[in-house]
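For reference, the structure discussed in these notes is given below.
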Amino acid sequence: MILVLLGFLLQSSGLFGQNPPFNILLKPLTIKDLPGIQSFAFGQHEGKWLILGGRIDGLHRKQPFAAFKETGENKLIYVVDPVAKKSWSAPLTSLPISIQEQLCSTNMEYFQHGDYLYFIGGYGFSATIGDHTTYSNLTAINVPATIDAVVHQKSINVFFRQITDTLFAVTGGHLGKINDTYYLVGGQKFLGRYNPMGPNHGPGFIQEYTNQIRKFNLTDDGSVMTINHLPGITDSTNLHRRDLNVVPQISPTGEEGLTAFSGVFQYEENLPFLNCVNIDSSGYETNNSFTQYYNQYHCANIPIYSRSKNEMHTLFFGGISQYYDDSDTLTQDNNVPFVRTIARVTRTADGKMAEYKLPIEMPALLGSDAVFIENEDLPKYSNGVIQLDKLANDTTLLGYIYGGIASTEENIFWINAGTQSEATNQIFKVYLTKGANSPIHRLNNQSTGSLKMTVSTYPIAKKIIVYYNLNYSSDVRISFYDVSSKKLEKKLFSKLSIGENSFEKKINNLDKGGTFIVTIETDQEKAIQKIRVIP
């Protein structure tokens, strides 16, 4: 079932938004013999990349016997030089088994501090236990030394160290850092074989979301690592997220922090979150005044900050999302397809956030579980956020997007036989361009509107339910039309209270599909959505 929503708030600042602060240009780059990898970890040193873990196949299959097969694991270490267009590889087989197994995992959390890449958790097949597991390890990797060893075919053994800690058994989360403290945001512990039918079907599995932001300090003298766990933050509603984008930020006060964007799954239904969580050294805050419709699963992303305007921009490239645009129409697909969308979320000096669609898209259904590897020579804050005001040139190389999943169709999960997608070796050079004649970024008005109208359809029950929010007491007029603009119903509700509201409409033959238009009008706002129901 697909819902196509044509929505806009008539009183808002206009369909096309303001002049953009910059634009983005993608240029493909090909490196011979470079493998396709998705959901991996990376570090870099002096222009060379170190690639570890991840998978060399595409989207995981739905059958337990075929999902996350060991044959799809990346069992090599790769070094990539994007300037010389060269790559090198080395096997993991000389390392201890516990390190080998973890470094073959997928959806791990990682962070590079100085010369060391810290590799946490990850999900994969363990021959030691004879089953799939989430690893409870932290592995430290000397990035410069390992790169040099791989390039010159020397031993890598002494450059890897590992400790075990049950709090590191996390996959699908994100490891970030604020000042001297590490933040392990979201994710889950998954034990056993994946099965979309649930934990009690087939071989069964254990799935435990962390529902947390886990905080710790790490002391590392190059030989011994010491972990000091700090009190974490638990929120079983707002932190029940995995496969999300957690991106470094600069707050309106100039403080460094993180924002957890979207992710899955909501408690009420298996759909992405539409809000975000802002995290700083003093705690966290869920932002329900902003709605993110694009790029809801993990994808390549770039944080950019303008100090002169106190604006924080976060770019997202393709991936998987419940929403996308079709001929400038916001389209809702509850199958959550692969998308081409490139979007930015901007936080202005007053703390408000809004979403914009860029005038370019990914050239194919790319971006899911890809990474952005920044240009090391860029001016950046200590947390990696790019300093926009210090980019002096009209065109600046920001870095590279590498890897991820390439899909042949938008929705492949239920038909996936292993050939509908693949891990791509595609690289894109990402340039930031400036200029007075830059194409406009289209504001997604629904991202800032207070009505936040959403629609659920139930074809078998022949009903549509419209959900909306009121920030003020108001009369509310709700109208239903068919595709020919024939009015099906109009209701007036007097002085509805502040908060969440809903309206249910019975529609005969809804099980056969159809197209409808819903209008909500209050004393201050008007929202219109076009709903196409496909049985």
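Order determines the names: the first chain of the structure tokens is A, the second B, and so forth; residues in each chain are numbered 1 upward, and ligands are numbered 1 upward as they are shown.
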Report as a PyMOL selection string all protein, DNA and RNA residues lying within 10 Å of region 500-517 of chain A, evaluated on only C-alpha atoms, omitting residues in the same chain fewer than 3 positions from it.
chain A and resi 1-7+451-471+478-489+491+496-497+528-535
Contact residues around Lys429 (chain A) with only C-alpha atoms at 7 Å, ignoring same-chain residues under 6 positions, as a PDB file with N, CA, C and O atoms, in the first residue's frame:
```pdb
ATOM      1  N   LEU A  26      28.428  16.439  -7.530  1.00  0.00           N
ATOM      2  CA  LEU A  26      28.979  15.082  -7.437  1.00  0.00           C
ATOM      3  C   LEU A  26      29.699  14.721  -8.731  1.00  0.00           C
ATOM      4  O   LEU A  26      29.169  14.932  -9.824  1.00  0.00           O
ATOM      5  N   LYS A  27      30.904  14.181  -8.593  1.00  0.00           N
ATOM      6  CA  LYS A  27      31.640  13.693  -9.750  1.00  0.00           C
ATOM      7  C   LYS A  27      32.079  12.260  -9.479  1.00  0.00           C
ATOM      8  O   LYS A  27      32.754  11.993  -8.480  1.00  0.00           O
ATOM      9  N   PRO A  28      31.694  11.304 -10.325  1.00  0.00           N
ATOM     10  CA  PRO A  28      32.068   9.897 -10.089  1.00  0.00           C
ATOM     11  C   PRO A  28      33.562   9.683 -10.247  1.00  0.00           C
ATOM     12  O   PRO A  28      34.231  10.324 -11.064  1.00  0.00           O
ATOM     13  N   LEU A  29      34.074   8.769  -9.447  1.00  0.00           N
ATOM     14  CA  LEU A  29      35.478   8.384  -9.476  1.00  0.00           C
ATOM     15  C   LEU A  29      35.541   6.868  -9.478  1.00  0.00           C
ATOM     16  O   LEU A  29      34.873   6.211  -8.670  1.00  0.00           O
ATOM     17  N   GLY A 399      35.140  16.026   0.094  1.00  0.00           N
ATOM     18  CA  GLY A 399      35.551  14.661   0.375  1.00  0.00           C
ATOM     19  C   GLY A 399      34.905  13.708  -0.603  1.00  0.00           C
ATOM     20  O   GLY A 399      34.588  14.079  -1.739  1.00  0.00           O
ATOM     21  N   TYR A 400      34.676  12.462  -0.137  1.00  0.00           N
ATOM     22  CA  TYR A 400      34.238  11.393  -1.025  1.00  0.00           C
ATOM     23  C   TYR A 400      33.116  10.584  -0.374  1.00  0.00           C
ATOM     24  O   TYR A 400      33.144  10.314   0.828  1.00  0.00           O
ATOM     25  N   ILE A 401      32.164  10.170  -1.188  1.00  0.00           N
ATOM     26  CA  ILE A 401      31.178   9.166  -0.778  1.00  0.00           C
ATOM     27  C   ILE A 401      31.615   7.835  -1.378  1.00  0.00           C
ATOM     28  O   ILE A 401      31.890   7.743  -2.581  1.00  0.00           O
TER      29      ILE A 401
END
```
Using 12 Å as the limit and counting only C-alpha atoms, can you tabulate each residue of region 431-497 of chain A that touches region 358-382 of chain A, with its shortest atom-to-atom distance in Å and the two atoms involved, as a Markdown table?
```
| residue | atom | partner | partner_atom | distance |
| --- | --- | --- | --- | --- |
| A:Tyr431 | CA | A:Asn375 | CA | 10.3 |
| A:Leu432 | CA | A:Leu378 | CA | 11.7 |
| A:Ser438 | CA | A:Pro359 | CA | 9.7 |
| A:Pro439 | CA | A:Pro359 | CA | 6.6 |
| A:Ile440 | CA | A:Pro359 | CA | 6.9 |
| A:His441 | CA | A:Leu358 | CA | 4.8 |
| A:Arg442 | CA | A:Leu358 | CA | 6.6 |
| A:Leu443 | CA | A:Leu358 | CA | 9.0 |
| A:Asn444 | CA | A:Leu358 | CA | 10.5 |
```
Go ahead and dump the residues you just picked, N, CA and C atoms, as an mmCIF file, in the first residue's frame.
```cif
data_model
loop_
_atom_site.group_PDB
_atom_site.id
_atom_site.type_symbol
_atom_site.label_atom_id
_atom_site.label_comp_id
_atom_site.auth_asym_id
_atom_site.auth_seq_id
_atom_site.Cartn_x
_atom_site.Cartn_y
_atom_site.Cartn_z
ATOM 1 N N TYR A 431 31.786 18.066 -4.100
ATOM 2 C CA TYR A 431 32.254 19.447 -4.126
ATOM 3 C C TYR A 431 31.180 20.373 -3.578
ATOM 4 N N LEU A 432 31.601 21.369 -2.825
ATOM 5 C CA LEU A 432 30.727 22.466 -2.420
ATOM 6 C C LEU A 432 31.006 23.638 -3.337
ATOM 7 N N SER A 438 23.143 30.168 -7.755
ATOM 8 C CA SER A 438 22.978 28.771 -7.371
ATOM 9 C C SER A 438 21.516 28.361 -7.432
ATOM 10 N N PRO A 439 21.232 27.159 -7.903
ATOM 11 C CA PRO A 439 19.843 26.683 -7.931
ATOM 12 C C PRO A 439 19.234 26.656 -6.529
ATOM 13 N N ILE A 440 17.950 26.943 -6.473
ATOM 14 C CA ILE A 440 17.242 27.026 -5.199
ATOM 15 C C ILE A 440 17.060 25.638 -4.586
ATOM 16 N N HIS A 441 17.183 25.546 -3.274
ATOM 17 C CA HIS A 441 16.834 24.342 -2.535
ATOM 18 C C HIS A 441 15.368 24.463 -2.121
ATOM 19 N N ARG A 442 14.580 23.452 -2.404
ATOM 20 C CA ARG A 442 13.140 23.536 -2.162
ATOM 21 C C ARG A 442 12.812 23.209 -0.708
ATOM 22 N N LEU A 443 12.214 24.160 -0.027
ATOM 23 C CA LEU A 443 11.804 23.953 1.361
ATOM 24 C C LEU A 443 10.679 22.934 1.428
ATOM 25 N N ASN A 444 10.830 21.945 2.280
ATOM 26 C CA ASN A 444 9.739 21.023 2.583
ATOM 27 C C ASN A 444 8.915 21.653 3.698
#
```
Would you mind listing, for every residue of region 311-427 of chain A within 10 Å of region 232-249 of chain A, the two atoms forming the shortest contact and the distance between them in Å to one decimal, using only C-alpha atoms, sorted by chain and ascending residue number, as a tab-separated table?
```
residue	atom	partner	partner_atom	distance
A:Met312	CA	A:Gln249	CA	7.0
A:His313	CA	A:Gln249	CA	8.6
A:Thr314	CA	A:Val247	CA	7.7
A:Leu315	CA	A:Val247	CA	9.7
A:Phe316	CA	A:Asn245	CA	8.9
A:Arg347	CA	A:Gln249	CA	9.8
A:Asp369	CA	A:Asp243	CA	8.7
A:Tyr381	CA	A:Gln249	CA	9.6
A:Ser382	CA	A:Pro248	CA	9.9
A:Asn383	CA	A:Pro248	CA	6.3
A:Gly384	CA	A:Pro248	CA	7.0
A:Val385	CA	A:Pro248	CA	6.3
A:Ile386	CA	A:Gln249	CA	9.8
```
Write out as a CSV table (one decimal) with all heavy atoms, in the first residue's frame the residues lying within 12 Å of Gly198 (chain A), counting only C-alpha atoms and excluding same-chain residues fewer than 5 positions away.
```csv
chain,number,residue,atom,x,y,z
A,62,LYS,N,15.3,-11.9,3.3
A,62,LYS,CA,14.3,-12.0,4.4
A,62,LYS,C,14.3,-13.4,5.0
A,62,LYS,O,13.9,-13.6,6.1
A,62,LYS,CB,12.9,-11.7,3.9
A,62,LYS,CG,12.4,-12.6,2.8
A,62,LYS,CD,11.0,-12.2,2.4
A,62,LYS,CE,10.3,-13.2,1.4
A,62,LYS,NZ,11.1,-13.3,0.2
A,63,GLN,N,14.8,-14.4,4.3
A,63,GLN,CA,14.8,-15.8,4.8
A,63,GLN,C,16.0,-16.0,5.8
A,63,GLN,O,17.1,-15.6,5.5
A,63,GLN,CB,15.0,-16.8,3.6
A,63,GLN,CG,13.9,-16.7,2.6
A,63,GLN,CD,14.3,-15.8,1.4
A,63,GLN,OE1,15.3,-15.0,1.6
A,63,GLN,NE2,13.7,-15.9,0.3
A,64,PRO,N,15.7,-16.6,7.0
A,64,PRO,CA,16.8,-16.8,8.0
A,64,PRO,C,18.0,-17.5,7.4
A,64,PRO,O,19.1,-17.1,7.8
A,64,PRO,CB,16.1,-17.6,9.1
A,64,PRO,CG,14.6,-17.2,8.9
A,64,PRO,CD,14.4,-17.0,7.5
A,192,GLY,N,21.5,-14.4,17.1
A,192,GLY,CA,20.8,-15.4,16.3
A,192,GLY,C,20.5,-14.9,14.9
A,192,GLY,O,21.0,-13.8,14.5
A,193,ARG,N,19.8,-15.7,14.2
A,193,ARG,CA,19.6,-15.4,12.8
A,193,ARG,C,18.4,-14.4,12.6
A,193,ARG,O,17.4,-14.6,13.3
A,193,ARG,CB,19.2,-16.7,12.0
A,193,ARG,CG,20.5,-17.6,11.7
A,193,ARG,CD,20.1,-18.7,10.8
A,193,ARG,NE,21.3,-19.5,10.4
A,193,ARG,CZ,22.1,-19.3,9.4
A,193,ARG,NH1,21.8,-18.2,8.6
A,193,ARG,NH2,23.1,-20.0,9.1
A,203,PRO,N,14.2,-20.3,13.5
A,203,PRO,CA,15.2,-20.5,14.5
A,203,PRO,C,15.1,-19.6,15.7
A,203,PRO,O,15.7,-19.9,16.7
A,203,PRO,CB,16.5,-20.2,13.7
A,203,PRO,CG,16.1,-19.3,12.6
A,203,PRO,CD,14.7,-19.7,12.2
A,204,GLY,N,14.4,-18.5,15.5
A,204,GLY,CA,14.3,-17.5,16.6
A,204,GLY,C,15.5,-16.7,16.9
A,204,GLY,O,16.6,-17.0,16.4
A,205,PHE,N,15.3,-15.6,17.6
A,205,PHE,CA,16.4,-14.7,17.9
A,205,PHE,C,16.1,-13.9,19.1
A,205,PHE,O,15.0,-13.9,19.6
A,205,PHE,CB,16.7,-13.8,16.7
A,205,PHE,CG,15.6,-12.9,16.2
A,205,PHE,CD1,15.3,-11.7,16.9
A,205,PHE,CD2,14.8,-13.3,15.2
A,205,PHE,CE1,14.2,-10.9,16.5
A,205,PHE,CE2,13.7,-12.5,14.8
A,205,PHE,CZ,13.4,-11.3,15.4
A,206,ILE,N,17.1,-13.2,19.6
A,206,ILE,CA,17.0,-12.2,20.7
A,206,ILE,C,17.3,-10.8,20.2
A,206,ILE,O,18.4,-10.6,19.6
A,206,ILE,CB,17.9,-12.6,21.9
A,206,ILE,CG1,17.5,-13.9,22.5
A,206,ILE,CG2,17.8,-11.5,23.0
A,206,ILE,CD1,18.4,-14.4,23.5
A,207,GLN,N,16.4,-9.9,20.4
A,207,GLN,CA,16.6,-8.5,19.9
A,207,GLN,C,16.4,-7.6,21.1
A,207,GLN,O,15.3,-7.5,21.6
A,207,GLN,CB,15.7,-8.2,18.7
A,207,GLN,CG,15.9,-6.8,18.2
A,207,GLN,CD,15.0,-6.5,17.0
A,207,GLN,OE1,13.9,-6.9,17.0
A,207,GLN,NE2,15.5,-5.6,16.1
```
Region 176-184 of chain A surroundings by only C-alpha atoms, 6 Å radius, close-in-sequence under 5 positions cut, as a short mmCIF file (atom, residue, chain, number, x, y, z; two decimals) with all heavy atoms, in the first residue's frame:
```
data_model
loop_
_atom_site.label_atom_id
_atom_site.label_comp_id
_atom_site.auth_asym_id
_atom_site.auth_seq_id
_atom_site.Cartn_x
_atom_site.Cartn_y
_atom_site.Cartn_z
N ILE A 213 21.71 6.31 25.46
CA ILE A 213 22.98 6.94 25.09
C ILE A 213 23.97 6.49 26.17
O ILE A 213 23.85 6.88 27.33
CB ILE A 213 22.87 8.47 25.07
CG1 ILE A 213 21.81 8.93 24.06
CG2 ILE A 213 24.23 9.09 24.75
CD1 ILE A 213 21.49 10.40 24.15
N ARG A 214 24.90 5.62 25.79
CA ARG A 214 25.90 5.11 26.73
C ARG A 214 27.15 5.99 26.64
O ARG A 214 27.66 6.23 25.54
CB ARG A 214 26.22 3.65 26.44
CG ARG A 214 25.03 2.73 26.66
CD ARG A 214 25.30 1.29 26.29
NE ARG A 214 24.14 0.46 26.59
CZ ARG A 214 24.03 -0.83 26.27
NH1 ARG A 214 25.03 -1.44 25.64
NH2 ARG A 214 22.94 -1.50 26.59
N LYS A 215 27.63 6.44 27.79
CA LYS A 215 28.76 7.36 27.81
C LYS A 215 29.95 6.73 28.53
O LYS A 215 29.77 6.01 29.52
CB LYS A 215 28.36 8.66 28.52
CG LYS A 215 27.19 9.39 27.84
CD LYS A 215 26.99 10.78 28.40
CE LYS A 215 26.54 10.78 29.83
NZ LYS A 215 26.28 12.15 30.33
N PHE A 216 31.14 7.01 28.02
CA PHE A 216 32.33 6.48 28.68
C PHE A 216 33.54 7.33 28.32
O PHE A 216 33.57 8.03 27.29
CB PHE A 216 32.58 5.01 28.31
CG PHE A 216 32.83 4.76 26.84
CD1 PHE A 216 34.12 4.73 26.33
CD2 PHE A 216 31.77 4.51 25.97
CE1 PHE A 216 34.37 4.48 24.99
CE2 PHE A 216 32.00 4.26 24.62
CZ PHE A 216 33.30 4.24 24.13
N ASN A 217 34.54 7.26 29.16
CA ASN A 217 35.85 7.84 28.87
C ASN A 217 36.81 6.70 28.56
O ASN A 217 36.70 5.61 29.13
CB ASN A 217 36.38 8.65 30.05
CG ASN A 217 35.55 9.90 30.32
OD1 ASN A 217 35.18 10.17 31.45
ND2 ASN A 217 35.25 10.65 29.28
N GLY A 257 28.17 19.21 19.79
CA GLY A 257 27.21 18.18 20.19
C GLY A 257 26.96 17.20 19.07
O GLY A 257 27.72 17.12 18.10
#
```
May I have the residues within 12 Å of Gln153 (chain A) as a PDB file with C-alpha atoms, in the first residue's frame, using only C-alpha atoms and disregarding those fewer than 6 positions away in the same chain?
```pdb
ATOM      1  CA  ILE A  77      41.444  -5.105   5.068  1.00  0.00           C
ATOM      2  CA  TYR A  78      41.569  -2.542   2.286  1.00  0.00           C
ATOM      3  CA  VAL A  79      43.644   0.587   1.842  1.00  0.00           C
ATOM      4  CA  TRP A  88      45.648  -2.614  -1.604  1.00  0.00           C
ATOM      5  CA  SER A  89      44.329  -5.470   0.519  1.00  0.00           C
ATOM      6  CA  ALA A  90      45.453  -7.893   3.201  1.00  0.00           C
ATOM      7  CA  PRO A  91      43.769 -10.901   4.877  1.00  0.00           C
ATOM      8  CA  ALA A 145      50.811   1.752  10.911  1.00  0.00           C
ATOM      9  CA  THR A 146      48.154  -0.585   9.488  1.00  0.00           C
ATOM     10  CA  ILE A 147      47.911   1.416   6.259  1.00  0.00           C
TER      11      ILE A 147
END
```
